[in-house]
Amino acid sequence: MSTAVALRESYDLAVIGAGPAGLAAAAKAARLGVDTVLLDEQSSPGGQIYRAITETPLRDRSILGADYWRGADLTASIGDSGVQYVANASVWSVSRECEIGVSIGNVARIIRARRAILATGAMERPFPIPGWTLPGVMTAGAAQILLKSSGLVARNRVVLAGTGPLLWLIAAQYLRAGAEIAALLDTTPRENWREALPHLPAFLASSYFRKGLGLLREVRVRVPVIRDVQSLRAIGDDRVREVAYRTRDGAERRMPVDHLFLHQGVAPNINLANSIGCGHSWSETQLCFVPVVDEWGESTVEGIAISGDGAGIGGAEAAAQRGFLAGLDAACRLGRIDRTRRDREATANRQALRRAERGRAFLDLLYRPRISDRIPEGATLACRCEEVTAQQISDTVALGCTGPNQMKSFLRCGMGPCQGRLCGLTVTELIARARGVSPGEVGYYRLRPPIKPITLEELAGLPKTDAAVKAVVRG
Amino acid sequence: MSESPRNDYDVAIVGGGLVGAAIAWGLAGLGQGVVVLDEGDVAYRASRGNFALVWVQSKGLGMPQYASWTKRSSDGWSAFAAELLEGTGLDVAFERPGGFQLALSERELESRAGTLKRLHNQRDMVEYPYEILDHAEIERMLPDIGPEVVGGSYCPLDGHCNSLRLLRALHVGMNRRGTRYLPNHRVDRIDWEGGEFRLATGSGQIRAGKLVLAAGNGNAKLAPMVGLKAPVRPQRGQIVVSERVRPFLRYPVVTVRQTDEGSVLMGDSLEEVGFDDTAGLPVAAAIADRAVRMFPLLRRVNVVRTWAALRVMTADGFPIYGQSEDCPGAFLATCHSGVTLAANHALVLAPMLAAGKLASELDVFSVRRFDVPTSS
Amino acid sequence: MLSIDGEPVTASQTDSVAAALLASGRVSCRTTAVSGAARAPYCMMGVCFDCLVTIDGEGNRQACLVRVREGMRVETQQGKREAGR
């Protein structure tokens, strides 16, 4: 495991994030002779989707399933590729000139690279239901991480709620691990079928169909599934004790719960790209902001490429292929291979990428979360960190506040330590709906480094120029 | 918000920041029909980049009248905050416990003492107390200062507020008093015709009997359109913000203060970089370094945000209040200290604007002071 | 073996502090600085900042990003962190 001391001053290429895209990009570039460092926030590679793949305590491979274990090859490929892999490295800043602020063991350093590939992946969409901040309410991804990293499953009454393939995957993994699930509350809007139907043929021809069907069957046989669920509420005092919901017939039902796992899709984690000034655009299909990148992953900022789910949700296999493409392009731009060779070697990756993306349109449209699940009302918290309610935001739009940055300065939403990761999409959509314009027009928080916490001591220890000191120390 | 604009405003104010909103709130309280025009979500907005100080200590070297104007605002701030609270329910957390400027070297301390001595020796300088204190004396009031603090200056008239809540309160307040607020209405041109002002924005024309330019750095371009001049330039200031911590710092220090919410603000910088409002790490590092040397207990506290804003600097650092002769009814209000002067802007300046004439006590702030003298 | 609020807790080597906390049967790890509401780990991947605990005397550490260590002292938090701790 490298420390800040072992980290060198500069590299050709810095890859940030060790999920499938980061692993693929780093290994590819390094094999082509690029001096590459791979900076991983976690203590072992795999990102979120292949979390703990090198050290999970789960000995029974069938619990997590074949798709998970496919990631083992990727993580192994780092070993002899020449990549300098650095674990426990928190990247809190990347400048337009590829100066990277990174902390390891509470020591902050600036390292330089000629190019950077951001592969920071995705995170769960916010699911702002009443009571979503109660202890005992977590994301489905959190449940999966506990299972992968620690072999832990929740005991007592477990309810899964939301929409999307991950919900079914974690349900199946839980069952295989010997846990019980009291219910799966499916919030997939019935109307989505209409939009998704034209894409059904491609889905049926894809690998998602067989796998998905298998998961559905596996879960349905053991878990009561309630469909067309709306108006989810987590109810409790110092912890969640009940979950309430409505079905199509309108009646509210409640069930006791000890652990409520929520999920309604994932969205790119854009904070780092945003803080660099990379351009983003709103995706109406995936209901999130997506970095603007070319076919190799190059962003609107020269020298910064973005790869994997962080550049647009596509799943692990697509992320790996995009990573390979970004690695190839980096090697080309750094002069290790010429364009002809780059394009030739990319052919196989592009084919694999197309295969991996087949069927996703159907999934994206089928599992598109309902607007009432995305946009809270009244006293429901939109911003968890600063405890700002949906009503406060609506009231402030009525006052003339037109965007998230003004909203932030009026109400403090987005000013907490999560820096908008759990409220940004909600606040943007809340404002958009109140104003009757598109979220793309409303925009997003404007972020600045550090995009991960560093201590004042660490910041104070960074290099200061004479001009900087002069600007600060004044009589 | 996007209805067709009216033509019958008494006053149009360009700029919805601390200066514009304070004036609007004041004018609306006097019964004037006010419209405030503002830009969009991502605009330069000096009002989001201040340190929230209501500060008297060092103001007015070179213009003693500015010290008087400042003290007056500071003395009126409590009543101003109370009126805002009553009208909006929002407490802007104004406190005036006195404030410090701390020195981390003998040279800094000497320089500081010299500056304040020169300041108070000026003719026509308003009198108020201040002290130069050594480390031990400061430690009695600020028990957490570090050993590198050599000493500093203290003035009992200094204070601070929650400036973001102040801006919000002014907006809520002006709204409740009937002010029309038009965001996304950047003013491109202003014409004066037939005794009224016509403002061309991207979203239509606004007409008003009087005009107040309170657009910060935007004033430079707008002022000449109505026979005024606004020699202002952007000056980047950076701030480092920490996570919330339990209260430990009751007194504001000019470069380190703890907000009513618990976060610690550290600053600041003065950088001449044109319109570049990106935050830079070397400056943030310099700010953090001084802050932890002043208060070592902050060392392991986390930074949650750095911030850079383009503040407004007039040619000599002092406010400009002007009224146009070519276009009677057009006024200009611009300054660096929009927080400190908010009370004056709302309660002293606004009545003058309502009456249509700046009082002679503000002559010293007129832009004519920048004119080159024609006689030698 | 680590301690949480003074009580000994066993954990396995690959556990994060958050995992160890949840596995010990505890439901919440702190109360917020804004309203005093109880919070617990939510995302387990370092983005939500709800799993903040004090580790070996240092406050506001993200429990899901810190691996357990023999002898580690973990404390749940009430409200704001104390500067210097």
# chains A, B, ... in the order shown; residues from 1 in each chain; ligands from 1

call {"tool": "interface_residues", "arguments": {"of": "chain A", "to": "chain C", "cutoff": "6 Å", "atoms": "only C-alpha atoms", "output": "ChimeraX atom specification"}}
result
/A:135,138-139,142,150,418

call {"tool": "residues_around", "arguments": {"residues": "Ile431 in chain A", "least_positions_apart": "6", "cutoff": "8 Å", "atoms": "only C-alpha atoms", "output": "PyMOL selection string"}}
result
chain A and resi 393-394+397+402-404+439+442

call {"tool": "write_last_selection", "arguments": {"atoms": "N, CA and C atoms", "output": "PDB file, in the first residue's frame"}}
result
ATOM      1  N   ILE A 393     -37.735  25.448  -0.063  1.00  0.00           N
ATOM      2  CA  ILE A 393     -37.205  25.690  -1.400  1.00  0.00           C
ATOM      3  C   ILE A 393     -38.286  26.262  -2.304  1.00  0.00           C
ATOM      4  N   SER A 394     -39.481  25.681  -2.255  1.00  0.00           N
ATOM      5  CA  SER A 394     -40.574  26.212  -3.072  1.00  0.00           C
ATOM      6  C   SER A 394     -40.873  27.658  -2.715  1.00  0.00           C
ATOM      7  N   VAL A 397     -38.307  29.912  -4.248  1.00  0.00           N
ATOM      8  CA  VAL A 397     -38.490  30.107  -5.682  1.00  0.00           C
ATOM      9  C   VAL A 397     -39.533  31.197  -5.894  1.00  0.00           C
ATOM     10  N   THR A 402     -33.976  31.900  -8.710  1.00  0.00           N
ATOM     11  CA  THR A 402     -34.166  31.160  -9.952  1.00  0.00           C
ATOM     12  C   THR A 402     -33.279  29.935 -10.121  1.00  0.00           C
ATOM     13  N   GLY A 403     -32.289  29.778  -9.282  1.00  0.00           N
ATOM     14  CA  GLY A 403     -31.383  28.664  -9.524  1.00  0.00           C
ATOM     15  C   GLY A 403     -30.758  28.137  -8.251  1.00  0.00           C
ATOM     16  N   PRO A 404     -30.057  26.994  -8.376  1.00  0.00           N
ATOM     17  CA  PRO A 404     -29.530  26.312  -7.199  1.00  0.00           C
ATOM     18  C   PRO A 404     -28.437  27.082  -6.476  1.00  0.00           C
ATOM     19  N   PRO A 439     -34.817  21.168 -16.152  1.00  0.00           N
ATOM     20  CA  PRO A 439     -33.683  21.134 -15.225  1.00  0.00           C
ATOM     21  C   PRO A 439     -32.385  21.600 -15.881  1.00  0.00           C
ATOM     22  N   VAL A 442     -32.191  25.220 -15.511  1.00  0.00           N
ATOM     23  CA  VAL A 442     -31.966  25.641 -14.131  1.00  0.00           C
ATOM     24  C   VAL A 442     -30.501  25.486 -13.742  1.00  0.00           C
TER      25      VAL A 442
END

call {"tool": "interface_residues", "arguments": {"of": "chain B", "to": "chain A", "cutoff": "6 Å", "atoms": "only C-alpha atoms", "output": "MDAnalysis selection string"}}
result
chainID B and resid 41 164 168 269:271 282:283 285:286 288:289 299:304

call {"tool": "residues_around", "arguments": {"residues": "range 203-217 of chain B", "least_positions_apart": "3", "cutoff": "9 Å", "atoms": "only C-alpha atoms", "output": "MDAnalysis selection string"}}
result
chainID B and resid 2 4:21 23 34:35 38 44:46 184:186 195:200 220:223 230 232:234 310:313 328:336 353 356

call {"tool": "select_by_dssp", "arguments": {"residues": "chain C", "states": "helix (DSSP H, G or I)", "output": "PyMOL selection string"}}
result
chain C and resi 17-23+63-65

call {"tool": "write_last_selection", "arguments": {"atoms": "N, CA and C atoms", "output": "mmCIF file, in the first residue's frame"}}
result
data_model
loop_
_atom_site.group_PDB
_atom_site.id
_atom_site.type_symbol
_atom_site.label_atom_id
_atom_site.label_comp_id
_atom_site.auth_asym_id
_atom_site.auth_seq_id
_atom_site.Cartn_x
_atom_site.Cartn_y
_atom_site.Cartn_z
ATOM 1 N N VAL C 17 -15.689 0.914 10.114
ATOM 2 C CA VAL C 17 -16.219 1.265 11.441
ATOM 3 C C VAL C 17 -17.745 1.288 11.382
ATOM 4 N N ALA C 18 -18.281 1.769 10.262
ATOM 5 C CA ALA C 18 -19.742 1.808 10.121
ATOM 6 C C ALA C 18 -20.328 0.407 10.170
ATOM 7 N N ALA C 19 -19.682 -0.526 9.474
ATOM 8 C CA ALA C 19 -20.170 -1.908 9.477
ATOM 9 C C ALA C 19 -20.119 -2.477 10.881
ATOM 10 N N ALA C 20 -19.011 -2.215 11.573
ATOM 11 C CA ALA C 20 -18.871 -2.731 12.933
ATOM 12 C C ALA C 20 -19.945 -2.143 13.848
ATOM 13 N N LEU C 21 -20.213 -0.873 13.648
ATOM 14 C CA LEU C 21 -21.228 -0.210 14.467
ATOM 15 C C LEU C 21 -22.599 -0.827 14.241
ATOM 16 N N LEU C 22 -22.949 -1.016 12.978
ATOM 17 C CA LEU C 22 -24.250 -1.598 12.662
ATOM 18 C C LEU C 22 -24.320 -3.047 13.112
ATOM 19 N N ALA C 23 -23.236 -3.775 12.920
ATOM 20 C CA ALA C 23 -23.217 -5.185 13.307
ATOM 21 C C ALA C 23 -23.367 -5.355 14.812
ATOM 22 N N ALA C 63 -17.340 7.036 9.100
ATOM 23 C CA ALA C 63 -17.115 5.677 9.598
ATOM 24 C C ALA C 63 -17.058 4.650 8.471
ATOM 25 N N CYS C 64 -17.744 4.911 7.367
ATOM 26 C CA CYS C 64 -17.772 3.912 6.291
ATOM 27 C C CYS C 64 -16.478 3.905 5.494
ATOM 28 N N LEU C 65 -15.636 4.902 5.684
ATOM 29 C CA LEU C 65 -14.392 4.967 4.915
ATOM 30 C C LEU C 65 -13.173 4.606 5.767
#

call {"tool": "residues_around", "arguments": {"residues": "Leu200 in chain A", "least_positions_apart": "2", "cutoff": "10 Å", "atoms": "only C-alpha atoms", "output": "PDB file with C-alpha atoms, in the first residue's frame"}}
result
ATOM      1  CA  TRP A 193     -44.108   0.378 -20.044  1.00  0.00           C
ATOM      2  CA  GLU A 195     -42.242   4.467 -23.236  1.00  0.00           C
ATOM      3  CA  ALA A 196     -40.079   1.406 -22.773  1.00  0.00           C
ATOM      4  CA  LEU A 197     -41.964  -0.932 -25.133  1.00  0.00           C
ATOM      5  CA  PRO A 198     -40.338   0.199 -28.421  1.00  0.00           C
ATOM      6  CA  ALA A 202     -33.207  -4.950 -28.172  1.00  0.00           C
ATOM      7  CA  PHE A 203     -33.623  -5.793 -24.518  1.00  0.00           C
ATOM      8  CA  LEU A 204     -34.856  -9.291 -25.271  1.00  0.00           C
ATOM      9  CA  ALA A 205     -31.782  -9.846 -27.402  1.00  0.00           C
ATOM     10  CA  SER A 206     -29.440  -8.658 -24.655  1.00  0.00           C
ATOM     11  CA  PHE A 209     -33.092 -10.106 -20.263  1.00  0.00           C
ATOM     12  CA  GLY A 359     -30.969  -3.352 -23.845  1.00  0.00           C
ATOM     13  CA  ARG A 360     -30.123  -0.450 -21.545  1.00  0.00           C
ATOM     14  CA  ALA A 361     -32.553   1.943 -23.169  1.00  0.00           C
ATOM     15  CA  PHE A 362     -35.362  -0.374 -22.182  1.00  0.00           C
ATOM     16  CA  LEU A 363     -34.121  -0.564 -18.582  1.00  0.00           C
ATOM     17  CA  LEU A 366     -38.863   1.119 -17.618  1.00  0.00           C
TER      18      LEU A 366
END

call {"tool": "interface_residues", "arguments": {"of": "chain B", "to": "chain C", "cutoff": "12 Å", "atoms": "only C-alpha atoms", "output": "short mmCIF file (atom, residue, chain, number, x, y, z; two decimals) with C-alpha atoms, in the first residue's frame"}}
result
data_model
loop_
_atom_site.label_atom_id
_atom_site.label_comp_id
_atom_site.auth_asym_id
_atom_site.auth_seq_id
_atom_site.Cartn_x
_atom_site.Cartn_y
_atom_site.Cartn_z
CA ASP B 144 -7.58 29.79 22.15
CA SER B 242 -14.92 24.87 7.82
CA GLU B 243 -17.46 22.37 9.05
CA ARG B 244 -19.61 23.42 11.99
CA VAL B 245 -17.88 23.25 15.34
CA ARG B 246 -19.00 24.05 18.85
CA PRO B 247 -18.80 27.75 19.66
CA PHE B 248 -15.30 28.77 20.71
CA LEU B 249 -14.83 32.21 19.16
CA GLN B 258 -17.22 31.79 13.71
CA ASP B 260 -23.89 31.67 14.43
CA GLU B 261 -24.23 28.25 12.82
CA GLY B 262 -20.84 27.12 14.04
CA SER B 263 -18.83 27.13 10.83
CA VAL B 264 -15.57 29.02 10.84
CA VAL B 292 -4.29 27.66 12.22
CA PHE B 295 -6.07 29.29 16.40
CA PRO B 296 -4.20 25.99 16.60
CA LEU B 297 -7.30 24.14 17.77
CA LEU B 298 -8.55 24.44 14.19
CA ARG B 299 -5.79 22.25 12.81
CA ARG B 300 -7.77 19.02 12.48
CA VAL B 301 -11.05 20.69 11.57
CA ASN B 302 -12.26 19.90 8.06
CA VAL B 303 -12.55 22.35 5.21
CA VAL B 304 -15.93 21.94 3.57
#

call {"tool": "residues_around", "arguments": {"residues": "Ala161 in chain A", "least_positions_apart": "5", "cutoff": "9 Å", "atoms": "only C-alpha atoms", "output": "tab-separated table (two decimals) with N, CA, C and O atoms, in the first residue's frame"}}
result
chain	number	residue	atom	x	y	z
A	140	ALA	N	-30.18	0.71	-1.03
A	140	ALA	CA	-29.99	-0.71	-1.35
A	140	ALA	C	-28.50	-0.96	-1.59
A	140	ALA	O	-27.97	-2.02	-1.24
A	167	LEU	N	-32.26	-3.28	-7.26
A	167	LEU	CA	-33.16	-3.69	-6.18
A	167	LEU	C	-33.35	-5.21	-6.21
A	167	LEU	O	-33.34	-5.88	-5.18
A	183	ALA	N	-40.72	-7.78	2.40
A	183	ALA	CA	-41.47	-7.33	1.22
A	183	ALA	C	-40.54	-6.54	0.30
A	183	ALA	O	-39.53	-5.99	0.73
A	184	LEU	N	-40.91	-6.54	-0.97
A	184	LEU	CA	-40.26	-5.66	-1.94
A	184	LEU	C	-41.35	-4.74	-2.48
A	184	LEU	O	-42.30	-5.21	-3.13
A	185	LEU	N	-41.25	-3.45	-2.18
A	185	LEU	CA	-42.25	-2.49	-2.63
A	185	LEU	C	-41.75	-1.86	-3.92
A	185	LEU	O	-40.80	-1.10	-3.92
A	186	ASP	N	-42.38	-2.23	-5.02
A	186	ASP	CA	-41.90	-1.81	-6.34
A	186	ASP	C	-42.60	-0.52	-6.76
A	186	ASP	O	-43.80	-0.49	-6.97
A	187	THR	N	-41.81	0.55	-6.88
A	187	THR	CA	-42.41	1.85	-7.22
A	187	THR	C	-42.38	2.12	-8.72
A	187	THR	O	-42.69	3.23	-9.16
A	229	VAL	N	-46.29	0.93	-6.36
A	229	VAL	CA	-46.31	1.57	-5.03
A	229	VAL	C	-46.04	3.06	-5.17
A	229	VAL	O	-45.17	3.50	-5.93
A	232	LEU	N	-44.45	6.58	-0.67
A	232	LEU	CA	-43.69	5.91	0.38
A	232	LEU	C	-43.42	6.88	1.53
A	232	LEU	O	-43.12	8.05	1.32
A	260	LEU	N	-35.11	-0.42	6.17
A	260	LEU	CA	-35.75	-0.06	4.91
A	260	LEU	C	-34.66	0.32	3.93
A	260	LEU	O	-33.90	1.26	4.16
A	261	PHE	N	-34.54	-0.44	2.85
A	261	PHE	CA	-33.51	-0.17	1.85
A	261	PHE	C	-34.14	0.43	0.61
A	261	PHE	O	-34.99	-0.18	-0.01
A	262	LEU	N	-33.71	1.64	0.29
A	262	LEU	CA	-34.30	2.39	-0.82
A	262	LEU	C	-33.40	2.38	-2.04
A	262	LEU	O	-32.17	2.41	-1.91
A	263	HIS	N	-34.01	2.38	-3.21
A	263	HIS	CA	-33.21	2.51	-4.43
A	263	HIS	C	-34.10	2.95	-5.58
A	263	HIS	O	-35.14	2.35	-5.81
A	264	GLN	N	-33.68	4.00	-6.29
A	264	GLN	CA	-34.37	4.33	-7.53
A	264	GLN	C	-33.38	4.75	-8.60
A	264	GLN	O	-33.50	5.81	-9.22

call {"tool": "residues_around", "arguments": {"residues": "Leu213 in chain A", "least_positions_apart": "3", "cutoff": "12 Å", "atoms": "only C-alpha atoms", "output": "list of chain:residue names"}}
result
A:Pro165, A:Trp168, A:Leu169, A:Ala172, A:Phe203, A:Leu204, A:Ser206, A:Ser207, A:Tyr208, A:Phe209, A:Arg210, A:Leu216, A:Arg217, A:Glu218, A:Val219, A:Arg220

call {"tool": "write_last_selection", "arguments": {"atoms": "N, CA and C atoms", "output": "mmCIF file, in the first residue's frame"}}
result
data_model
loop_
_atom_site.group_PDB
_atom_site.id
_atom_site.type_symbol
_atom_site.label_atom_id
_atom_site.label_comp_id
_atom_site.auth_asym_id
_atom_site.auth_seq_id
_atom_site.Cartn_x
_atom_site.Cartn_y
_atom_site.Cartn_z
ATOM 1 N N PRO A 165 -32.997 -2.378 -11.567
ATOM 2 C CA PRO A 165 -32.437 -3.729 -11.512
ATOM 3 C C PRO A 165 -31.673 -4.016 -10.229
ATOM 4 N N TRP A 168 -33.548 -5.751 -7.399
ATOM 5 C CA TRP A 168 -33.761 -7.186 -7.558
ATOM 6 C C TRP A 168 -32.479 -7.962 -7.322
ATOM 7 N N LEU A 169 -31.368 -7.368 -7.740
ATOM 8 C CA LEU A 169 -30.089 -8.031 -7.536
ATOM 9 C C LEU A 169 -29.786 -8.166 -6.053
ATOM 10 N N ALA A 172 -31.970 -10.752 -4.410
ATOM 11 C CA ALA A 172 -31.516 -12.125 -4.684
ATOM 12 C C ALA A 172 -30.269 -12.460 -3.860
ATOM 13 N N PHE A 203 -33.815 -5.274 -25.874
ATOM 14 C CA PHE A 203 -33.623 -5.793 -24.518
ATOM 15 C C PHE A 203 -33.707 -7.323 -24.515
ATOM 16 N N LEU A 204 -34.686 -7.847 -25.233
ATOM 17 C CA LEU A 204 -34.856 -9.291 -25.271
ATOM 18 C C LEU A 204 -33.634 -9.973 -25.862
ATOM 19 N N SER A 206 -30.635 -8.960 -25.454
ATOM 20 C CA SER A 206 -29.440 -8.658 -24.655
ATOM 21 C C SER A 206 -29.301 -9.634 -23.502
ATOM 22 N N SER A 207 -28.147 -9.589 -22.861
ATOM 23 C CA SER A 207 -27.905 -10.486 -21.730
ATOM 24 C C SER A 207 -28.701 -10.049 -20.505
ATOM 25 N N TYR A 208 -29.152 -8.787 -20.507
ATOM 26 C CA TYR A 208 -29.909 -8.309 -19.349
ATOM 27 C C TYR A 208 -31.218 -9.069 -19.179
ATOM 28 N N PHE A 209 -31.785 -9.473 -20.325
ATOM 29 C CA PHE A 209 -33.092 -10.106 -20.263
ATOM 30 C C PHE A 209 -33.045 -11.415 -19.480
ATOM 31 N N ARG A 210 -32.129 -12.277 -19.888
ATOM 32 C CA ARG A 210 -32.045 -13.570 -19.238
ATOM 33 C C ARG A 210 -31.722 -13.419 -17.759
ATOM 34 N N LEU A 216 -35.796 -11.917 -11.165
ATOM 35 C CA LEU A 216 -37.202 -11.702 -10.814
ATOM 36 C C LEU A 216 -37.820 -12.989 -10.273
ATOM 37 N N ARG A 217 -37.583 -14.074 -10.981
ATOM 38 C CA ARG A 217 -38.147 -15.359 -10.552
ATOM 39 C C ARG A 217 -37.621 -15.749 -9.184
ATOM 40 N N GLU A 218 -36.294 -15.605 -9.050
ATOM 41 C CA GLU A 218 -35.634 -16.015 -7.814
ATOM 42 C C GLU A 218 -36.223 -15.282 -6.615
ATOM 43 N N VAL A 219 -36.503 -13.997 -6.806
ATOM 44 C CA VAL A 219 -36.981 -13.195 -5.690
ATOM 45 C C VAL A 219 -38.468 -13.411 -5.436
ATOM 46 N N ARG A 220 -39.232 -13.444 -6.539
ATOM 47 C CA ARG A 220 -40.696 -13.514 -6.389
ATOM 48 C C ARG A 220 -41.163 -14.762 -5.655
#

call {"tool": "select_by_dssp", "arguments": {"residues": "chain C", "states": "strand (DSSP E)", "output": "PyMOL selection string"}}
result
chain C and resi 2-4+7-9+30-31+38-39+52-55+58-62+73-75+77-78

call {"tool": "atom_distance", "arguments": {"atom1": "CA of Ala326 in chain A", "atom2": "CA of His280 in chain A"}}
result
18.3 Å

call {"tool": "atom_distance", "arguments": {"atom1": "CA of Gly151 in chain B", "atom2": "CA of Leu133 in chain B"}}
result
5.5 Å

call {"tool": "residues_around", "arguments": {"residues": "Ser103 in chain A", "least_positions_apart": "2", "cutoff": "9 Å", "atoms": "only C-alpha atoms", "output": "mmCIF file with C-alpha atoms, in the first residue's frame"}}
result
data_model
loop_
_atom_site.group_PDB
_atom_site.id
_atom_site.type_symbol
_atom_site.label_atom_id
_atom_site.label_comp_id
_atom_site.auth_asym_id
_atom_site.auth_seq_id
_atom_site.Cartn_x
_atom_site.Cartn_y
_atom_site.Cartn_z
ATOM 1 C CA ALA A 4 1.976 9.957 0.321
ATOM 2 C CA ASN A 88 -6.710 5.080 0.578
ATOM 3 C CA ALA A 89 -6.020 8.090 -1.607
ATOM 4 C CA SER A 90 -8.695 10.753 -1.377
ATOM 5 C CA VAL A 91 -8.589 13.080 -4.373
ATOM 6 C CA TRP A 92 -10.055 16.403 -3.348
ATOM 7 C CA GLY A 101 -4.716 17.397 -4.743
ATOM 8 C CA GLY A 105 -3.194 9.139 5.736
ATOM 9 C CA ASN A 106 -4.140 12.752 6.451
ATOM 10 C CA VAL A 107 -1.197 14.120 4.511
ATOM 11 C CA ALA A 108 -2.131 16.288 1.539
ATOM 12 C CA ARG A 109 0.010 16.435 -1.574
ATOM 13 C CA ILE A 110 -0.182 18.010 -4.979
ATOM 14 C CA ILE A 454 -9.325 17.865 4.043
ATOM 15 C CA GLU A 458 -3.449 19.738 5.393
#
